[in-house]
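Inspection log for the structure reproduced underneath, given as structure tokens.
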Amino acid sequence: MSVRVAIMTDETGWHTGRLKKAFRARDVEARNVDLADCRIDTTWKPHGLAIPGFGHTLPDAVFVRGIAGGTFEQVTLRLGILHALRESGVPVYNDARAIERSVDKSMTSFLLNRYGVPTPATWASESPAHAQRVLMREAAAGRQVVMKPLFGSQGKGLKKPGVTLPSLSAFSQVAYLQRYVDAGTPGFDWRVLVIGGKALAAMKRVGGEDWIHNFARGAKCEPAELTPALAEIAVRATEALGLDYAGVDLIPSEDGRPVVLEVNGVAAWRGLQSVTPLDIAALLVDDFLDRKLAASKGTLALASGDERV
């Protein structure tokens, strides 16, 4: 029987098309599944999990390509499905715990700092008074601060508030503040792709809307040398969050050394693919099958052997 994989995604398009092509090249049956259509059902024997397209069985492995936004309860249930799959012995790439760490910018910053990965000074709290003090203190030192939604991507909702704190209502009552790093004019940052503990490709994102260097916000993607410094820091950032693969966003600090701004656990790669000859989808699928799934099968074999002893 061939390997059956669920690609968890809330939309189909370029990325899922590339992944399915790469899976077909490895003789693997891959099916798109929306987490919103999955359910926990304790009457659904034998696993208590219903995954569309797999009947009463479970996929051999799961590749997480996208998780739709929703209410807190909806997102919690969708992540719960991923947790349940892992608890059922299904390898998940990236798994729910790692995604939770990368989606929550405050936890990302905490873990990067804890594991010594260079990253700008960051503050996260529910206290407007504390956030206002941070703004005033940073301004007095001649520095600027970026205010970001705790959950968000593609540069949406970012502000440089100056010395007056905006209403937290637009930020779900949470102040996430990060010291601004000026990358010059035109500004740029790096995106480094890490797969299976190895940095494989890098690009520059130049320009964009004002100081926000996102491909989705008009930044131009350019090839970039994957220097040892970029590779080393990107890999350490990915390891700190426990990710199988990640898109790591870095920016040069005042002394020129790269610092990590964000780590993307459900990373898009269309912009990067446009400036590298590497087949990114194939690299992801190879690591997924040859490392993640193979390791899972080895663990199951050992467990079965232990039971027979």
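FYI, nothing fancy with the structure tokens labels: chains A, B, ... in order, residues from 1 per chain, ligands from 1 as they appear.
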
Contact residues around Met107 of chain A with only C-alpha atoms at 12 Å, ignoring same-chain residues under 3 positions, as a PDB file with all heavy atoms, in the first residue's frame:
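Writing the result to out-v8.pdb gives the following:
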ATOM      1  N   ARG A  97       2.538  21.985  18.417  1.00  0.00           N
ATOM      2  CA  ARG A  97       3.273  22.721  19.449  1.00  0.00           C
ATOM      3  C   ARG A  97       4.245  23.707  18.827  1.00  0.00           C
ATOM      4  O   ARG A  97       4.368  24.852  19.262  1.00  0.00           O
ATOM      5  CB  ARG A  97       4.027  21.739  20.356  1.00  0.00           C
ATOM      6  CG  ARG A  97       4.690  22.418  21.553  1.00  0.00           C
ATOM      7  CD  ARG A  97       5.441  21.430  22.408  1.00  0.00           C
ATOM      8  NE  ARG A  97       6.048  22.102  23.559  1.00  0.00           N
ATOM      9  CZ  ARG A  97       6.962  21.552  24.337  1.00  0.00           C
ATOM     10  NH1 ARG A  97       7.366  20.313  24.108  1.00  0.00           N
ATOM     11  NH2 ARG A  97       7.475  22.223  25.352  1.00  0.00           N
ATOM     12  N   ALA A  98       4.949  23.273  17.790  1.00  0.00           N
ATOM     13  CA  ALA A  98       5.899  24.160  17.118  1.00  0.00           C
ATOM     14  C   ALA A  98       5.183  25.322  16.438  1.00  0.00           C
ATOM     15  O   ALA A  98       5.647  26.464  16.470  1.00  0.00           O
ATOM     16  CB  ALA A  98       6.721  23.363  16.105  1.00  0.00           C
ATOM     17  N   ILE A  99       4.034  25.040  15.804  1.00  0.00           N
ATOM     18  CA  ILE A  99       3.274  26.105  15.154  1.00  0.00           C
ATOM     19  C   ILE A  99       2.779  27.114  16.176  1.00  0.00           C
ATOM     20  O   ILE A  99       2.845  28.334  15.955  1.00  0.00           O
ATOM     21  CB  ILE A  99       2.111  25.512  14.341  1.00  0.00           C
ATOM     22  CG1 ILE A  99       2.660  24.750  13.124  1.00  0.00           C
ATOM     23  CG2 ILE A  99       1.145  26.605  13.888  1.00  0.00           C
ATOM     24  CD1 ILE A  99       1.612  23.982  12.359  1.00  0.00           C
ATOM     25  N   GLU A 100       2.289  26.633  17.311  1.00  0.00           N
ATOM     26  CA  GLU A 100       1.839  27.541  18.364  1.00  0.00           C
ATOM     27  C   GLU A 100       2.955  28.471  18.806  1.00  0.00           C
ATOM     28  O   GLU A 100       2.743  29.662  19.040  1.00  0.00           O
ATOM     29  CB  GLU A 100       1.328  26.730  19.559  1.00  0.00           C
ATOM     30  CG  GLU A 100      -0.002  26.041  19.299  1.00  0.00           C
ATOM     31  CD  GLU A 100      -0.343  24.985  20.329  1.00  0.00           C
ATOM     32  OE1 GLU A 100       0.547  24.642  21.141  1.00  0.00           O
ATOM     33  OE2 GLU A 100      -1.482  24.499  20.311  1.00  0.00           O
ATOM     34  N   ARG A 101       4.161  27.948  18.916  1.00  0.00           N
ATOM     35  CA  ARG A 101       5.299  28.772  19.332  1.00  0.00           C
ATOM     36  C   ARG A 101       5.631  29.845  18.309  1.00  0.00           C
ATOM     37  O   ARG A 101       5.983  30.966  18.664  1.00  0.00           O
ATOM     38  CB  ARG A 101       6.525  27.872  19.545  1.00  0.00           C
ATOM     39  CG  ARG A 101       6.458  26.974  20.757  1.00  0.00           C
ATOM     40  CD  ARG A 101       7.629  26.002  20.756  1.00  0.00           C
ATOM     41  NE  ARG A 101       7.792  25.348  22.044  1.00  0.00           N
ATOM     42  CZ  ARG A 101       8.767  24.484  22.307  1.00  0.00           C
ATOM     43  NH1 ARG A 101       9.645  24.167  21.359  1.00  0.00           N
ATOM     44  NH2 ARG A 101       8.865  23.940  23.499  1.00  0.00           N
ATOM     45  N   SER A 102       5.525  29.501  17.024  1.00  0.00           N
ATOM     46  CA  SER A 102       5.912  30.455  15.990  1.00  0.00           C
ATOM     47  C   SER A 102       4.809  31.461  15.682  1.00  0.00           C
ATOM     48  O   SER A 102       5.099  32.595  15.295  1.00  0.00           O
ATOM     49  CB  SER A 102       6.322  29.716  14.706  1.00  0.00           C
ATOM     50  OG  SER A 102       5.235  29.004  14.153  1.00  0.00           O
ATOM     51  N   VAL A 103       3.546  31.067  15.844  1.00  0.00           N
ATOM     52  CA  VAL A 103       2.441  31.977  15.568  1.00  0.00           C
ATOM     53  C   VAL A 103       2.352  33.065  16.644  1.00  0.00           C
ATOM     54  O   VAL A 103       2.033  34.214  16.347  1.00  0.00           O
ATOM     55  CB  VAL A 103       1.115  31.196  15.469  1.00  0.00           C
ATOM     56  CG1 VAL A 103      -0.081  32.139  15.476  1.00  0.00           C
ATOM     57  CG2 VAL A 103       1.104  30.359  14.193  1.00  0.00           C
ATOM     58  N   ASP A 104       2.636  32.702  17.866  1.00  0.00           N
ATOM     59  CA  ASP A 104       2.602  33.646  18.985  1.00  0.00           C
ATOM     60  C   ASP A 104       3.930  34.405  19.028  1.00  0.00           C
ATOM     61  O   ASP A 104       4.957  33.872  19.443  1.00  0.00           O
ATOM     62  CB  ASP A 104       2.372  32.866  20.280  1.00  0.00           C
ATOM     63  CG  ASP A 104       2.406  33.725  21.527  1.00  0.00           C
ATOM     64  OD1 ASP A 104       2.677  34.944  21.425  1.00  0.00           O
ATOM     65  OD2 ASP A 104       2.172  33.180  22.627  1.00  0.00           O
ATOM     66  N   PHE A 110      10.408  35.188  23.337  1.00  0.00           N
ATOM     67  CA  PHE A 110      10.879  34.596  24.591  1.00  0.00           C
ATOM     68  C   PHE A 110      11.862  33.465  24.326  1.00  0.00           C
ATOM     69  O   PHE A 110      12.942  33.400  24.940  1.00  0.00           O
ATOM     70  CB  PHE A 110       9.689  34.080  25.410  1.00  0.00           C
ATOM     71  CG  PHE A 110      10.091  33.241  26.594  1.00  0.00           C
ATOM     72  CD1 PHE A 110      10.539  33.842  27.759  1.00  0.00           C
ATOM     73  CD2 PHE A 110      10.041  31.858  26.527  1.00  0.00           C
ATOM     74  CE1 PHE A 110      10.925  33.071  28.846  1.00  0.00           C
ATOM     75  CE2 PHE A 110      10.423  31.076  27.608  1.00  0.00           C
ATOM     76  CZ  PHE A 110      10.868  31.689  28.771  1.00  0.00           C
ATOM     77  N   LEU A 111      11.505  32.557  23.410  1.00  0.00           N
ATOM     78  CA  LEU A 111      12.361  31.405  23.144  1.00  0.00           C
ATOM     79  C   LEU A 111      13.653  31.800  22.440  1.00  0.00           C
ATOM     80  O   LEU A 111      14.717  31.252  22.740  1.00  0.00           O
ATOM     81  CB  LEU A 111      11.593  30.368  22.323  1.00  0.00           C
ATOM     82  CG  LEU A 111      10.468  29.644  23.069  1.00  0.00           C
ATOM     83  CD1 LEU A 111       9.622  28.823  22.100  1.00  0.00           C
ATOM     84  CD2 LEU A 111      11.030  28.755  24.170  1.00  0.00           C
ATOM     85  N   LEU A 112      13.576  32.745  21.508  1.00  0.00           N
ATOM     86  CA  LEU A 112      14.809  33.209  20.862  1.00  0.00           C
ATOM     87  C   LEU A 112      15.766  33.782  21.897  1.00  0.00           C
ATOM     88  O   LEU A 112      16.965  33.485  21.897  1.00  0.00           O
ATOM     89  CB  LEU A 112      14.479  34.261  19.799  1.00  0.00           C
ATOM     90  CG  LEU A 112      13.707  33.784  18.561  1.00  0.00           C
ATOM     91  CD1 LEU A 112      13.383  34.967  17.652  1.00  0.00           C
ATOM     92  CD2 LEU A 112      14.473  32.716  17.799  1.00  0.00           C
ATOM     93  N   ASN A 113      15.241  34.616  22.779  1.00  0.00           N
ATOM     94  CA  ASN A 113      16.075  35.214  23.817  1.00  0.00           C
ATOM     95  C   ASN A 113      16.625  34.150  24.770  1.00  0.00           C
ATOM     96  O   ASN A 113      17.802  34.161  25.138  1.00  0.00           O
ATOM     97  CB  ASN A 113      15.260  36.245  24.599  1.00  0.00           C
ATOM     98  CG  ASN A 113      16.075  36.929  25.677  1.00  0.00           C
ATOM     99  OD1 ASN A 113      16.998  37.687  25.399  1.00  0.00           O
ATOM    100  ND2 ASN A 113      15.731  36.646  26.932  1.00  0.00           N
ATOM    101  N   ARG A 114      15.777  33.210  25.149  1.00  0.00           N
ATOM    102  CA  ARG A 114      16.196  32.169  26.090  1.00  0.00           C
ATOM    103  C   ARG A 114      17.335  31.340  25.532  1.00  0.00           C
ATOM    104  O   ARG A 114      18.248  30.930  26.276  1.00  0.00           O
ATOM    105  CB  ARG A 114      15.011  31.270  26.431  1.00  0.00           C
ATOM    106  CG  ARG A 114      15.356  30.174  27.431  1.00  0.00           C
ATOM    107  CD  ARG A 114      14.184  29.306  27.765  1.00  0.00           C
ATOM    108  NE  ARG A 114      14.556  28.280  28.726  1.00  0.00           N
ATOM    109  CZ  ARG A 114      13.761  27.299  29.137  1.00  0.00           C
ATOM    110  NH1 ARG A 114      12.526  27.235  28.663  1.00  0.00           N
ATOM    111  NH2 ARG A 114      14.176  26.400  29.997  1.00  0.00           N
ATOM    112  N   THR A 122      12.366  43.135  23.077  1.00  0.00           N
ATOM    113  CA  THR A 122      10.930  42.975  22.888  1.00  0.00           C
ATOM    114  C   THR A 122      10.205  43.026  24.225  1.00  0.00           C
ATOM    115  O   THR A 122      10.711  42.545  25.236  1.00  0.00           O
ATOM    116  CB  THR A 122      10.631  41.622  22.200  1.00  0.00           C
ATOM    117  OG1 THR A 122      11.343  41.547  20.959  1.00  0.00           O
ATOM    118  CG2 THR A 122       9.153  41.453  21.929  1.00  0.00           C
ATOM    119  N   TRP A 123       9.013  43.612  24.213  1.00  0.00           N
ATOM    120  CA  TRP A 123       8.155  43.679  25.393  1.00  0.00           C
ATOM    121  C   TRP A 123       6.749  43.251  24.986  1.00  0.00           C
ATOM    122  O   TRP A 123       6.239  43.685  23.948  1.00  0.00           O
ATOM    123  CB  TRP A 123       8.097  45.107  25.951  1.00  0.00           C
ATOM    124  CG  TRP A 123       9.426  45.700  26.280  1.00  0.00           C
ATOM    125  CD1 TRP A 123      10.039  45.737  27.499  1.00  0.00           C
ATOM    126  CD2 TRP A 123      10.321  46.381  25.369  1.00  0.00           C
ATOM    127  NE1 TRP A 123      11.259  46.383  27.415  1.00  0.00           N
ATOM    128  CE2 TRP A 123      11.455  46.773  26.117  1.00  0.00           C
ATOM    129  CE3 TRP A 123      10.282  46.670  23.997  1.00  0.00           C
ATOM    130  CZ2 TRP A 123      12.525  47.466  25.551  1.00  0.00           C
ATOM    131  CZ3 TRP A 123      11.351  47.341  23.421  1.00  0.00           C
ATOM    132  CH2 TRP A 123      12.455  47.736  24.197  1.00  0.00           C
ATOM    133  N   ALA A 124       6.108  42.420  25.791  1.00  0.00           N
ATOM    134  CA  ALA A 124       4.731  42.015  25.521  1.00  0.00           C
ATOM    135  C   ALA A 124       3.957  41.971  26.831  1.00  0.00           C
ATOM    136  O   ALA A 124       4.368  41.308  27.779  1.00  0.00           O
ATOM    137  CB  ALA A 124       4.695  40.644  24.846  1.00  0.00           C
ATOM    138  N   SER A 125       2.848  42.688  26.890  1.00  0.00           N
ATOM    139  CA  SER A 125       2.029  42.702  28.103  1.00  0.00           C
ATOM    140  C   SER A 125       0.629  43.183  27.755  1.00  0.00           C
ATOM    141  O   SER A 125       0.368  43.634  26.641  1.00  0.00           O
ATOM    142  CB  SER A 125       2.637  43.609  29.173  1.00  0.00           C
ATOM    143  OG  SER A 125       2.392  44.970  28.872  1.00  0.00           O
ATOM    144  N   LEU A 150      -0.139  40.453  17.983  1.00  0.00           N
ATOM    145  CA  LEU A 150       0.494  39.249  18.518  1.00  0.00           C
ATOM    146  C   LEU A 150       0.405  38.108  17.520  1.00  0.00           C
ATOM    147  O   LEU A 150       1.342  37.330  17.355  1.00  0.00           O
ATOM    148  CB  LEU A 150      -0.175  38.845  19.834  1.00  0.00           C
ATOM    149  CG  LEU A 150       0.582  37.824  20.682  1.00  0.00           C
ATOM    150  CD1 LEU A 150       1.909  38.387  21.162  1.00  0.00           C
ATOM    151  CD2 LEU A 150      -0.274  37.377  21.864  1.00  0.00           C
ATOM    152  N   PHE A 151      -0.742  37.984  16.840  1.00  0.00           N
ATOM    153  CA  PHE A 151      -0.925  37.000  15.781  1.00  0.00           C
ATOM    154  C   PHE A 151      -1.091  37.766  14.475  1.00  0.00           C
ATOM    155  O   PHE A 151      -1.928  38.646  14.378  1.00  0.00           O
ATOM    156  CB  PHE A 151      -2.170  36.143  16.022  1.00  0.00           C
ATOM    157  CG  PHE A 151      -2.194  35.464  17.362  1.00  0.00           C
ATOM    158  CD1 PHE A 151      -3.185  35.749  18.275  1.00  0.00           C
ATOM    159  CD2 PHE A 151      -1.218  34.556  17.709  1.00  0.00           C
ATOM    160  CE1 PHE A 151      -3.215  35.132  19.514  1.00  0.00           C
ATOM    161  CE2 PHE A 151      -1.230  33.930  18.948  1.00  0.00           C
ATOM    162  CZ  PHE A 151      -2.237  34.219  19.847  1.00  0.00           C
ATOM    163  N   TYR A 176       2.449  44.277  21.958  1.00  0.00           N
ATOM    164  CA  TYR A 176       3.692  43.595  21.595  1.00  0.00           C
ATOM    165  C   TYR A 176       4.574  44.646  20.936  1.00  0.00           C
ATOM    166  O   TYR A 176       4.238  45.160  19.862  1.00  0.00           O
ATOM    167  CB  TYR A 176       3.419  42.432  20.645  1.00  0.00           C
ATOM    168  CG  TYR A 176       4.683  41.752  20.135  1.00  0.00           C
ATOM    169  CD1 TYR A 176       5.254  40.693  20.829  1.00  0.00           C
ATOM    170  CD2 TYR A 176       5.310  42.190  18.969  1.00  0.00           C
ATOM    171  CE1 TYR A 176       6.412  40.076  20.367  1.00  0.00           C
ATOM    172  CE2 TYR A 176       6.464  41.583  18.498  1.00  0.00           C
ATOM    173  CZ  TYR A 176       7.008  40.524  19.203  1.00  0.00           C
ATOM    174  OH  TYR A 176       8.156  39.918  18.746  1.00  0.00           O
ATOM    175  N   ALA A 240      15.224  26.538  18.247  1.00  0.00           N
ATOM    176  CA  ALA A 240      14.668  27.089  19.485  1.00  0.00           C
ATOM    177  C   ALA A 240      13.161  26.895  19.554  1.00  0.00           C
ATOM    178  O   ALA A 240      12.588  26.730  20.639  1.00  0.00           O
ATOM    179  CB  ALA A 240      15.014  28.572  19.601  1.00  0.00           C
ATOM    180  N   LEU A 241      12.499  26.898  18.386  1.00  0.00           N
ATOM    181  CA  LEU A 241      11.049  26.751  18.355  1.00  0.00           C
ATOM    182  C   LEU A 241      10.609  25.318  18.045  1.00  0.00           C
ATOM    183  O   LEU A 241       9.417  25.020  18.036  1.00  0.00           O
ATOM    184  CB  LEU A 241      10.443  27.705  17.321  1.00  0.00           C
ATOM    185  CG  LEU A 241      10.141  29.122  17.822  1.00  0.00           C
ATOM    186  CD1 LEU A 241      11.411  29.874  18.197  1.00  0.00           C
ATOM    187  CD2 LEU A 241       9.360  29.905  16.785  1.00  0.00           C
ATOM    188  N   GLU A 262      11.377  37.483  12.997  1.00  0.00           N
ATOM    189  CA  GLU A 262      10.262  36.553  13.134  1.00  0.00           C
ATOM    190  C   GLU A 262      10.678  35.184  12.599  1.00  0.00           C
ATOM    191  O   GLU A 262      11.619  35.071  11.804  1.00  0.00           O
ATOM    192  CB  GLU A 262       9.026  37.046  12.369  1.00  0.00           C
ATOM    193  CG  GLU A 262       8.426  38.336  12.911  1.00  0.00           C
ATOM    194  CD  GLU A 262       7.162  38.757  12.175  1.00  0.00           C
ATOM    195  OE1 GLU A 262       6.642  37.947  11.380  1.00  0.00           O
ATOM    196  OE2 GLU A 262       6.698  39.876  12.401  1.00  0.00           O
ATOM    197  N   VAL A 263       9.938  34.168  13.026  1.00  0.00           N
ATOM    198  CA  VAL A 263      10.135  32.811  12.531  1.00  0.00           C
ATOM    199  C   VAL A 263       8.775  32.288  12.094  1.00  0.00           C
ATOM    200  O   VAL A 263       7.824  32.273  12.874  1.00  0.00           O
ATOM    201  CB  VAL A 263      10.737  31.888  13.607  1.00  0.00           C
ATOM    202  CG1 VAL A 263      11.011  30.505  13.022  1.00  0.00           C
ATOM    203  CG2 VAL A 263      12.022  32.484  14.185  1.00  0.00           C
TER     204      VAL A 263
END

Could you give me the residues within segment 14-236 of chain A that DSSP places in helix (DSSP H, G or I), as an MDAnalysis selection string?
chainID A and resid 14:25 35:37 72:87 96:103 105:114 128:140 168:171 215:217 228:236

So that I can see what lies close to segment 221-227 of chain A, please list as JSON, numbers by chain the residues with an atom at most 6 Å from it, counting only C-alpha atoms and leaving out residues fewer than 3 positions away in the same chain.
{"A": [202, 203, 204, 205, 230, 275]}

Looking at only C-alpha atoms, which of A:Ala129, A:Ile51, A:Leu289, A:Ala183 is the one that sits closest to Phe63 of chain A?
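Among the listed residues, the smallest separation from Phe63 of chain A belongs to A:Leu289.
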
Could you state the separation of atom CA of Ala237 of chain A and atom CA of Ile7 of chain A in Å, given to one decimal place?
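Answer for the atom CA of Ala237 of chain A to atom CA of Ile7 of chain A separation: 24.8 Å.
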
Considering only C-alpha atoms, state which residue in the set A:Gly265, A:Pro52, A:Gly197, A:Gly187 is at the smallest distance from Arg236 of chain A.
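Under the stated criterion, the closest residue is A:Gly197.
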
Interface rows for segment 75-123 of chain A against segment 292-298 of chain A: nearest pair, Å to one decimal, 10 Å, only C-alpha atoms, as CSV:
residue,atom,partner,partner_atom,distance
A:Gly89,CA,A:Ser296,CA,7.8
A:Val90,CA,A:Ser296,CA,7.9
A:Pro91,CA,A:Leu293,CA,6.3
A:Val92,CA,A:Lys292,CA,8.3
A:Tyr93,CA,A:Lys292,CA,7.6
A:Asn94,CA,A:Lys292,CA,9.8

Dump all heavy atoms for the selected residues as a compact mmCIF listing (two decimals), in the first residue's frame?
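Wrote it out as selection_1.txt, contents follow:
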# COMPACT_ATOMS: atom_id res chain seq x y z
N GLY A 89 0.08 8.85 16.92
CA GLY A 89 1.24 8.27 16.26
C GLY A 89 1.47 8.73 14.83
O GLY A 89 2.32 8.18 14.14
N VAL A 90 0.71 9.75 14.40
CA VAL A 90 0.87 10.27 13.04
C VAL A 90 1.89 11.40 13.06
O VAL A 90 1.70 12.39 13.77
CB VAL A 90 -0.47 10.79 12.48
CG1 VAL A 90 -0.28 11.38 11.09
CG2 VAL A 90 -1.51 9.68 12.45
N PRO A 91 2.98 11.30 12.31
CA PRO A 91 3.95 12.40 12.25
C PRO A 91 3.33 13.63 11.59
O PRO A 91 2.71 13.52 10.53
CB PRO A 91 5.12 11.84 11.45
CG PRO A 91 4.56 10.67 10.70
CD PRO A 91 3.43 10.13 11.51
N VAL A 92 3.49 14.78 12.23
CA VAL A 92 2.93 16.04 11.73
C VAL A 92 4.07 17.02 11.50
O VAL A 92 4.91 17.21 12.37
CB VAL A 92 1.91 16.62 12.74
CG1 VAL A 92 1.33 17.93 12.20
CG2 VAL A 92 0.80 15.62 13.02
N TYR A 93 4.06 17.69 10.36
CA TYR A 93 5.19 18.49 9.87
C TYR A 93 4.64 19.84 9.40
O TYR A 93 3.94 19.89 8.40
CB TYR A 93 5.78 17.72 8.69
CG TYR A 93 7.05 18.22 8.04
CD1 TYR A 93 8.28 17.70 8.36
CD2 TYR A 93 7.00 19.18 7.03
CE1 TYR A 93 9.44 18.10 7.70
CE2 TYR A 93 8.16 19.59 6.37
CZ TYR A 93 9.37 19.04 6.72
OH TYR A 93 10.51 19.43 6.06
N ASN A 94 4.84 20.95 10.15
CA ASN A 94 5.29 21.10 11.52
C ASN A 94 4.16 20.73 12.48
O ASN A 94 2.99 20.92 12.16
CB ASN A 94 5.67 22.57 11.76
CG ASN A 94 6.97 22.97 11.12
OD1 ASN A 94 8.01 22.38 11.36
ND2 ASN A 94 6.92 24.01 10.29

Which residues are near His56 of chain A? Cut-off 10 Å, only C-alpha atoms, ignore same chain within fewer than 5 positions. Put them as a PyMOL selection string.
chain A and resi 44-51

Can you pull out the residues contacting Leu19 of chain A? Cut-off 10 Å, using only C-alpha atoms, and skip same-chain residues under 4 positions away; I want them as a compact mmCIF listing (two decimals) with C-alpha atoms, in the first residue's frame.
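The resulting around-v3.txt:
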# COMPACT_ATOMS: atom_id res chain seq x y z
CA ILE A 7 -1.81 18.27 3.25
CA TRP A 14 0.38 27.41 -6.19
CA HIS A 15 1.90 25.98 -3.00
CA PHE A 23 4.65 13.90 -3.61
CA ARG A 24 3.61 12.26 -6.89
CA ALA A 25 7.26 12.16 -7.93
CA ALA A 30 -1.34 13.34 -1.15
CA PHE A 63 2.04 18.17 6.13
CA ARG A 65 0.51 24.04 4.78
CA ILE A 280 11.79 23.96 -2.64
CA ALA A 281 8.69 21.76 -2.69
CA ALA A 282 10.82 18.72 -3.54
CA LEU A 283 13.27 19.54 -0.73
CA LEU A 284 10.39 19.82 1.75
CA VAL A 285 8.82 16.56 0.60

As a VMD selection string, please: the residues near Gln144 of chain A (cut-off 9 Å, only C-alpha atoms, same-chain neighbours under 2 positions excluded).
chain A and resid 135 138 to 139 141 to 142 146 160 to 163 178 to 181

Enumerate the residues of segment 30-86 of chain A with a DSSP assignment of strand (DSSP E or B), computed from the backbone, and present them as a list in words.
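Selecting the strand (DSSP E or B) positions of segment 30-86 of chain A gives Ala30, Arg31, Asn32, Val33, Arg39, Ile40, Leu49, Ala50, Ala61, Val62, Phe63 and Val64 of chain A.
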
What is the atom CA of Thr185 of chain A-atom CA of Val206 of chain A distance in Å, reported with one decimal?
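Computing it gives 9.3 Å between the two atoms.
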
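Residues in contact with Ala231 of chain A at 12 Å, where only C-alpha atoms are counted and same-chain residues fewer than 6 positions away are skipped, are listed as Trp190, Arg191, Val192, Leu193, Val194, Ile195, Gly197, Lys198, Ala199, Leu200, Ala201, Ala202, Met203, Ala224, Glu225, Ala237, Thr238, Gly247, Val248, Asp249, Leu250, Pro258, Val259 and Val260 of chain A.
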
Go ahead and save the picked residues with N, CA and C atoms, as an mmCIF file, in the first residue's frame.
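Done, and the output landed in selection.cif:
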data_model
loop_
_atom_site.group_PDB
_atom_site.id
_atom_site.type_symbol
_atom_site.label_atom_id
_atom_site.label_comp_id
_atom_site.auth_asym_id
_atom_site.auth_seq_id
_atom_site.Cartn_x
_atom_site.Cartn_y
_atom_site.Cartn_z
ATOM 1 N N TRP A 190 16.246 39.792 5.231
ATOM 2 C CA TRP A 190 16.525 38.498 4.618
ATOM 3 C C TRP A 190 15.441 37.497 5.002
ATOM 4 N N ARG A 191 15.125 36.619 4.102
ATOM 5 C CA ARG A 191 14.344 35.432 4.417
ATOM 6 C C ARG A 191 15.238 34.224 4.158
ATOM 7 N N VAL A 192 15.414 33.405 5.184
ATOM 8 C CA VAL A 192 16.233 32.199 5.067
ATOM 9 C C VAL A 192 15.332 30.990 5.267
ATOM 10 N N LEU A 193 15.421 30.031 4.355
ATOM 11 C CA LEU A 193 14.643 28.805 4.449
ATOM 12 C C LEU A 193 15.475 27.732 5.141
ATOM 13 N N VAL A 194 14.909 27.171 6.207
ATOM 14 C CA VAL A 194 15.555 26.081 6.942
ATOM 15 C C VAL A 194 14.671 24.849 6.826
ATOM 16 N N ILE A 195 15.262 23.741 6.401
ATOM 17 C CA ILE A 195 14.543 22.475 6.271
ATOM 18 C C ILE A 195 15.361 21.382 6.940
ATOM 19 N N GLY A 197 16.775 21.119 9.805
ATOM 20 C CA GLY A 197 17.973 21.544 10.523
ATOM 21 C C GLY A 197 19.079 22.097 9.650
ATOM 22 N N LYS A 198 18.786 22.358 8.371
ATOM 23 C CA LYS A 198 19.791 22.910 7.467
ATOM 24 C C LYS A 198 19.246 24.143 6.759
ATOM 25 N N ALA A 199 20.015 25.215 6.742
ATOM 26 C CA ALA A 199 19.658 26.404 5.975
ATOM 27 C C ALA A 199 20.008 26.129 4.514
ATOM 28 N N LEU A 200 19.020 26.278 3.619
ATOM 29 C CA LEU A 200 19.213 25.855 2.228
ATOM 30 C C LEU A 200 19.169 26.982 1.217
ATOM 31 N N ALA A 201 18.490 28.085 1.541
ATOM 32 C CA ALA A 201 18.368 29.161 0.555
ATOM 33 C C ALA A 201 18.075 30.466 1.271
ATOM 34 N N ALA A 202 18.413 31.577 0.617
ATOM 35 C CA ALA A 202 18.177 32.896 1.205
ATOM 36 C C ALA A 202 17.824 33.877 0.101
ATOM 37 N N MET A 203 17.092 34.896 0.479
ATOM 38 C CA MET A 203 16.814 36.000 -0.433
ATOM 39 C C MET A 203 16.759 37.296 0.359
ATOM 40 N N ALA A 224 20.185 36.254 -2.552
ATOM 41 C CA ALA A 224 21.106 36.672 -1.496
ATOM 42 C C ALA A 224 22.057 35.533 -1.175
ATOM 43 N N GLU A 225 23.278 35.880 -0.867
ATOM 44 C CA GLU A 225 24.250 34.873 -0.462
ATOM 45 C C GLU A 225 23.857 34.312 0.897
ATOM 46 N N ALA A 237 17.486 29.600 15.376
ATOM 47 C CA ALA A 237 16.135 30.100 15.618
ATOM 48 C C ALA A 237 15.100 29.000 15.391
ATOM 49 N N THR A 238 15.285 28.220 14.336
ATOM 50 C CA THR A 238 14.359 27.128 14.030
ATOM 51 C C THR A 238 14.396 26.066 15.118
ATOM 52 N N GLY A 247 10.601 29.572 7.662
ATOM 53 C CA GLY A 247 11.130 30.744 6.989
ATOM 54 C C GLY A 247 11.527 31.733 8.071
ATOM 55 N N VAL A 248 12.796 32.030 8.154
ATOM 56 C CA VAL A 248 13.317 32.895 9.216
ATOM 57 C C VAL A 248 13.610 34.275 8.633
ATOM 58 N N ASP A 249 13.015 35.312 9.248
ATOM 59 C CA ASP A 249 13.203 36.687 8.795
ATOM 60 C C ASP A 249 14.253 37.362 9.659
ATOM 61 N N LEU A 250 15.286 37.888 9.008
ATOM 62 C CA LEU A 250 16.403 38.526 9.709
ATOM 63 C C LEU A 250 16.662 39.904 9.112
ATOM 64 N N PRO A 258 23.373 39.918 11.582
ATOM 65 C CA PRO A 258 21.932 39.671 11.441
ATOM 66 C C PRO A 258 21.266 39.361 12.774
ATOM 67 N N VAL A 259 20.046 39.876 12.937
ATOM 68 C CA VAL A 259 19.222 39.541 14.093
ATOM 69 C C VAL A 259 17.882 39.035 13.575
ATOM 70 N N VAL A 260 17.239 38.164 14.335
ATOM 71 C CA VAL A 260 15.995 37.530 13.914
ATOM 72 C C VAL A 260 14.805 38.393 14.308
#
